[in-house]
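Heads up, target-v2.txt below (compact mmCIF, C-alpha atoms):
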```txt
# COMPACT_ATOMS: atom_id res chain seq x y z
CA MET A 1 110.06 -25.89 -22.96
CA ARG A 2 106.36 -26.79 -23.60
CA LYS A 3 105.24 -27.75 -27.05
CA ARG A 4 102.53 -25.61 -28.51
CA PHE A 5 99.85 -27.01 -30.71
CA SER A 6 99.77 -25.60 -34.18
CA GLY A 7 96.40 -24.41 -35.45
CA LYS A 8 95.90 -27.52 -37.60
CA LYS A 9 96.78 -29.93 -34.78
CA LEU A 10 94.48 -28.10 -32.37
CA LEU A 11 91.65 -28.16 -34.89
CA PHE A 12 92.22 -31.87 -35.54
CA SER A 13 92.31 -32.70 -31.81
CA ILE A 14 88.95 -30.96 -31.36
CA SER A 15 87.34 -32.15 -34.61
CA LEU A 16 88.17 -35.85 -34.30
CA PRO A 17 86.22 -36.47 -31.05
CA LEU A 18 83.30 -34.42 -32.40
CA LEU A 19 83.31 -36.40 -35.63
CA VAL A 20 83.45 -39.73 -33.77
CA GLY A 21 80.63 -38.57 -31.45
CA CYS A 22 78.46 -37.55 -34.40
CA LEU A 23 79.15 -40.84 -36.15
CA LEU A 24 78.21 -42.86 -33.05
CA TYR A 25 75.05 -40.76 -32.64
CA CYS A 26 74.04 -41.40 -36.26
CA VAL A 27 74.67 -45.14 -35.92
CA THR A 28 72.61 -45.27 -32.70
CA LEU A 29 69.80 -43.24 -34.26
CA GLY A 30 69.83 -45.43 -37.37
CA ARG A 31 69.70 -48.59 -35.28
CA ALA A 32 66.77 -47.23 -33.24
CA PHE A 33 64.87 -46.35 -36.43
CA TYR A 34 65.65 -49.77 -37.92
CA ASN A 35 64.43 -51.54 -34.77
CA MET A 36 61.26 -49.46 -34.73
CA LYS A 37 60.54 -50.21 -38.39
CA CYS A 38 61.20 -53.96 -37.92
CA HIS A 39 58.90 -54.09 -34.89
CA GLU A 40 56.25 -52.10 -36.73
CA ASP A 41 56.35 -54.58 -39.60
CA MET A 42 56.23 -57.52 -37.15
CA PHE A 43 53.32 -56.27 -35.05
CA SER A 44 51.13 -54.33 -37.53
CA GLY A 45 49.15 -57.48 -38.30
CA PHE A 46 48.13 -57.76 -34.63
CA ALA A 47 47.00 -54.12 -34.74
CA HIS A 48 44.86 -54.72 -37.83
CA GLU A 49 43.30 -57.89 -36.39
CA ALA A 50 42.47 -56.28 -33.03
CA ALA A 51 41.15 -53.15 -34.77
CA ALA A 52 38.80 -55.27 -36.90
CA ARG A 53 37.57 -57.22 -33.84
CA HIS A 54 36.89 -54.07 -31.83
CA GLN A 55 35.76 -51.83 -34.72
CA VAL A 56 38.52 -49.28 -34.26
CA ASP A 57 40.41 -47.58 -37.09
CA PRO A 58 43.67 -49.56 -37.48
CA ALA A 59 45.51 -46.33 -38.33
CA LEU A 60 44.51 -44.99 -34.89
CA VAL A 61 45.71 -48.15 -33.12
CA LYS A 62 49.06 -47.94 -34.92
CA ALA A 63 49.35 -44.21 -34.20
CA ILE A 64 48.78 -44.83 -30.47
CA ILE A 65 51.42 -47.59 -30.49
CA TRP A 66 53.86 -45.29 -32.28
CA LYS A 67 53.26 -42.46 -29.82
CA GLU A 68 53.28 -44.64 -26.71
CA SER A 69 56.27 -46.90 -27.35
CA ARG A 70 57.69 -46.33 -30.84
CA TRP A 71 56.81 -49.99 -31.45
CA MET A 72 59.09 -51.27 -28.66
CA PRO A 73 57.33 -54.24 -26.98
CA ASP A 74 59.46 -54.08 -23.84
CA ALA A 75 58.82 -50.37 -23.18
CA VAL A 76 58.08 -49.36 -19.58
CA GLY A 77 56.68 -45.91 -18.78
CA LYS A 78 57.62 -43.76 -15.82
CA TYR A 79 54.32 -44.57 -14.09
CA GLY A 80 54.50 -48.31 -14.70
CA GLU A 81 52.76 -48.44 -18.09
CA ILE A 82 53.94 -51.44 -20.08
CA GLY A 83 54.35 -52.76 -23.58
CA LEU A 84 53.55 -51.48 -27.02
CA MET A 85 50.40 -49.62 -25.97
CA GLN A 86 51.76 -48.61 -22.54
CA LEU A 87 48.93 -50.23 -20.61
CA THR A 88 48.28 -49.20 -17.03
CA PRO A 89 47.38 -51.81 -14.41
CA ALA A 90 43.95 -50.14 -14.13
CA ALA A 91 43.26 -50.57 -17.87
CA VAL A 92 44.27 -54.24 -17.69
CA LYS A 93 41.98 -54.76 -14.67
CA ASP A 94 39.09 -53.07 -16.51
CA TRP A 95 39.66 -55.33 -19.53
CA SER A 96 39.83 -58.43 -17.33
CA ARG A 97 36.65 -57.52 -15.44
CA LEU A 98 34.53 -56.28 -18.35
CA GLN A 99 35.67 -58.97 -20.79
CA LYS A 100 35.40 -61.68 -18.12
CA GLN A 101 38.98 -62.75 -18.75
CA GLU A 102 41.48 -64.05 -16.24
CA MET A 103 43.77 -61.27 -15.02
CA PRO A 104 47.03 -61.73 -16.95
CA LYS A 105 50.41 -61.70 -15.24
CA ARG A 106 52.51 -58.59 -15.77
CA SER A 107 54.96 -60.54 -17.96
CA GLU A 108 52.07 -61.68 -20.18
CA VAL A 109 50.93 -58.09 -20.76
CA PHE A 110 54.27 -57.42 -22.50
CA GLN A 111 53.37 -59.97 -25.19
CA PRO A 112 52.60 -57.89 -28.30
CA GLU A 113 49.41 -59.69 -29.31
CA LEU A 114 47.82 -59.47 -25.84
CA ASN A 115 49.06 -55.91 -25.27
CA ILE A 116 47.54 -54.73 -28.55
CA GLU A 117 44.33 -56.66 -27.84
CA ILE A 118 43.85 -54.96 -24.45
CA GLY A 119 44.88 -51.51 -25.71
CA THR A 120 42.57 -51.74 -28.71
CA TRP A 121 39.72 -52.96 -26.52
CA TYR A 122 40.31 -49.92 -24.29
CA LEU A 123 40.22 -47.60 -27.32
CA SER A 124 36.95 -49.21 -28.38
CA TRP A 125 35.53 -48.86 -24.88
CA THR A 126 36.46 -45.17 -24.69
CA LEU A 127 34.93 -44.57 -28.12
CA SER A 128 31.69 -46.20 -26.94
CA GLN A 129 31.55 -43.58 -24.18
CA TRP A 130 31.80 -40.73 -26.72
CA ARG A 131 30.08 -42.23 -29.77
CA ASP A 132 27.29 -39.59 -29.80
CA TYR A 133 29.72 -36.68 -29.55
CA LYS A 134 30.82 -34.65 -32.54
CA SER A 135 34.39 -34.66 -31.17
CA ALA A 136 34.38 -38.38 -30.33
CA GLU A 137 37.85 -39.06 -31.71
CA ILE A 138 39.49 -36.20 -29.80
CA LEU A 139 37.75 -37.29 -26.60
CA GLN A 140 38.76 -40.91 -27.25
CA ILE A 141 42.45 -40.04 -27.72
CA ALA A 142 42.39 -37.69 -24.72
CA ALA A 143 40.89 -40.48 -22.60
CA TYR A 144 43.63 -42.89 -23.69
CA ASN A 145 46.22 -40.38 -22.54
CA ALA A 146 44.66 -38.67 -19.52
CA GLY A 147 42.04 -41.19 -18.38
CA HIS A 148 38.32 -41.44 -19.02
CA GLY A 149 37.30 -39.91 -15.68
CA ARG A 150 39.45 -36.84 -16.14
CA VAL A 151 38.18 -36.28 -19.68
CA SER A 152 34.54 -36.65 -18.56
CA LYS A 153 35.08 -34.14 -15.79
CA LEU A 154 37.18 -31.53 -17.57
CA TRP A 155 36.54 -31.56 -21.30
CA ARG A 156 33.25 -33.26 -22.15
CA PRO A 157 31.07 -30.77 -24.04
CA GLU A 158 27.64 -30.26 -22.48
CA ASP A 159 26.05 -30.58 -25.89
CA PRO A 160 27.21 -33.62 -27.90
CA GLU A 161 26.88 -31.54 -31.08
CA GLN A 162 29.33 -28.97 -29.73
CA GLU A 163 32.79 -29.19 -31.31
CA LEU A 164 35.67 -29.58 -28.85
CA GLU A 165 38.63 -27.55 -30.06
CA LEU A 166 42.12 -28.77 -29.20
CA GLU A 167 42.83 -25.43 -27.54
CA GLN A 168 40.12 -26.27 -24.99
CA ILE A 169 42.21 -29.19 -23.71
CA SER A 170 43.76 -27.57 -20.66
CA PHE A 171 46.69 -29.98 -20.25
CA PRO A 172 49.48 -29.06 -22.69
CA GLY A 173 50.81 -32.64 -22.61
CA THR A 174 47.45 -34.13 -23.57
CA ARG A 175 46.89 -31.47 -26.23
CA ASP A 176 50.30 -32.28 -27.75
CA TYR A 177 49.58 -36.01 -27.46
CA ILE A 178 46.34 -35.63 -29.44
CA LYS A 179 48.06 -33.56 -32.15
CA ARG A 180 50.85 -36.10 -32.56
CA VAL A 181 48.50 -39.10 -32.60
CA LEU A 182 46.24 -37.44 -35.20
CA ALA A 183 49.24 -36.56 -37.39
CA ARG A 184 50.58 -40.11 -37.17
CA LYS A 185 47.11 -41.54 -37.81
CA HIS A 186 46.97 -39.48 -41.00
CA HIS A 187 50.40 -40.90 -41.98
CA TYR A 188 49.22 -44.48 -41.42
CA SER A 189 45.93 -43.81 -43.24
CA GLN A 190 47.88 -42.64 -46.30
CA SER A 191 50.15 -45.69 -46.31
CA SER A 192 47.62 -48.35 -45.38
CA TYR A 193 48.19 -51.96 -46.21
CA ASP A 194 45.48 -54.60 -46.09
CA TYR A 195 46.71 -57.44 -43.92
CA PRO A 196 45.29 -60.80 -44.91
CA GLU A 197 43.03 -62.65 -42.50
CA LYS A 198 44.57 -65.70 -40.84
```
How would this structure read if it were set down as structure tokens?
Amino acid sequence: MRKRFSGKKLLFSISLPLLVGCLLYCVTLGRAFYNMKCHEDMFSGFAHEAAARHQVDPALVKAIIWKESRWMPDAVGKYGEIGLMQLTPAAVKDWSRLQKQEMPKRSEVFQPELNIEIGTWYLSWTLSQWRDYKSAEILQIAAYNAGHGRVSKLWRPEDPEQELELEQISFPGTRDYIKRVLARKHHYSQSSYDYPEK
């Protein structure tokens, strides 16, 4: 004769694995948040220094890092982007050529200080392309995500005084990227900390 589970035993046998699963999920999520916060604290100084050198808002640099890698220096994107600022090989080549720097090895681009330096330089370079535009910041962030050429071709207003609305960005992924970066930039602007000079 087969034993039948009572209601309480059945409930316990279902609830226990669910409870253990939820607990493991919470621990994993907590660890990920802790790692992100530790890395953010470790690397924020590099972001502030590079932002000052390249005249870029440090809150924007930190927001891009947060969106691109959640402050994980060993992050690798699905298209080969690497490091904190998810640099593409093309962006690194542009930096090397325009800054007259030796082309770094791939492993060197993972180093937080160099990665942030190149990414911040790229942000500065994109801003220089849009400086006269009323929507310079939106164009700058769009270019970081979708590429300068694509932004110039698809979304550059004919009149620099013309406001570019987010709804005019035809790629939903880029539109969402801009919204998230701007929201995070606002967060970092509200909780700014002045990092001392070396």
Around (33.8, -41.8, -26.9) in the file's frame, which residues reach within 10 Å when counting all atoms listed in the file? Return as a PyMOL selection string? chain A and resi 123-143+148+152+156
Contacts of Asn115 in chain A at 12 Å (all atoms listed in the file; same-chain gap of 4+ positions) as JSON, numbers by chain: {"A": [43, 46, 47, 50, 61, 65, 69, 71, 72, 73, 74, 75, 81, 82, 83, 84, 85, 86, 87, 88, 89, 91, 92, 95, 104, 105, 106, 107, 108, 109, 110, 111, 119, 120, 121, 122]}
Using CA of Cys38 in chain A and CA of Lys62 in chain A as the two end points, give the distance in Å to one decimal. 13.9 Å
So how many Å separate CA of Leu164 in chain A and CA of Gln190 in chain A, to one decimal? 25.0 Å
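When only C-alpha atoms are used to compute distances to Ala183 in chain A, the closest of the residues A:Ile14, A:Ala51, A:Leu60, A:Met42 turns out to be A:Leu60.
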Near-Ala59 in chain A list (6 Å; all atoms listed in the file; drop same-chain fewer than 6 positions) as a list in words: Lys185, Tyr188 and Ser189 of chain A
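Between CA of Ile178 in chain A and CA of Lys93 in chain A the interatomic distance comes to 24.6 Å.
Of the residues under consideration (A:Lys67, A:Glu117, A:His39, A:Asp57), A:Lys67 shows the shortest atom-to-atom contact distance to Arg184 in chain A when counting all atoms listed in the file.
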Box along x, y and z, 5 Å on every side, all listed atoms of range 37-42 of chain A inside: centre and edge lengths in Å to one decimal, as lines of an AutoDock Vina configuration file.
```
center_x = 58.7
center_y = -53.9
center_z = -37.2
size_x = 15.0
size_y = 17.3
size_z = 14.7
```
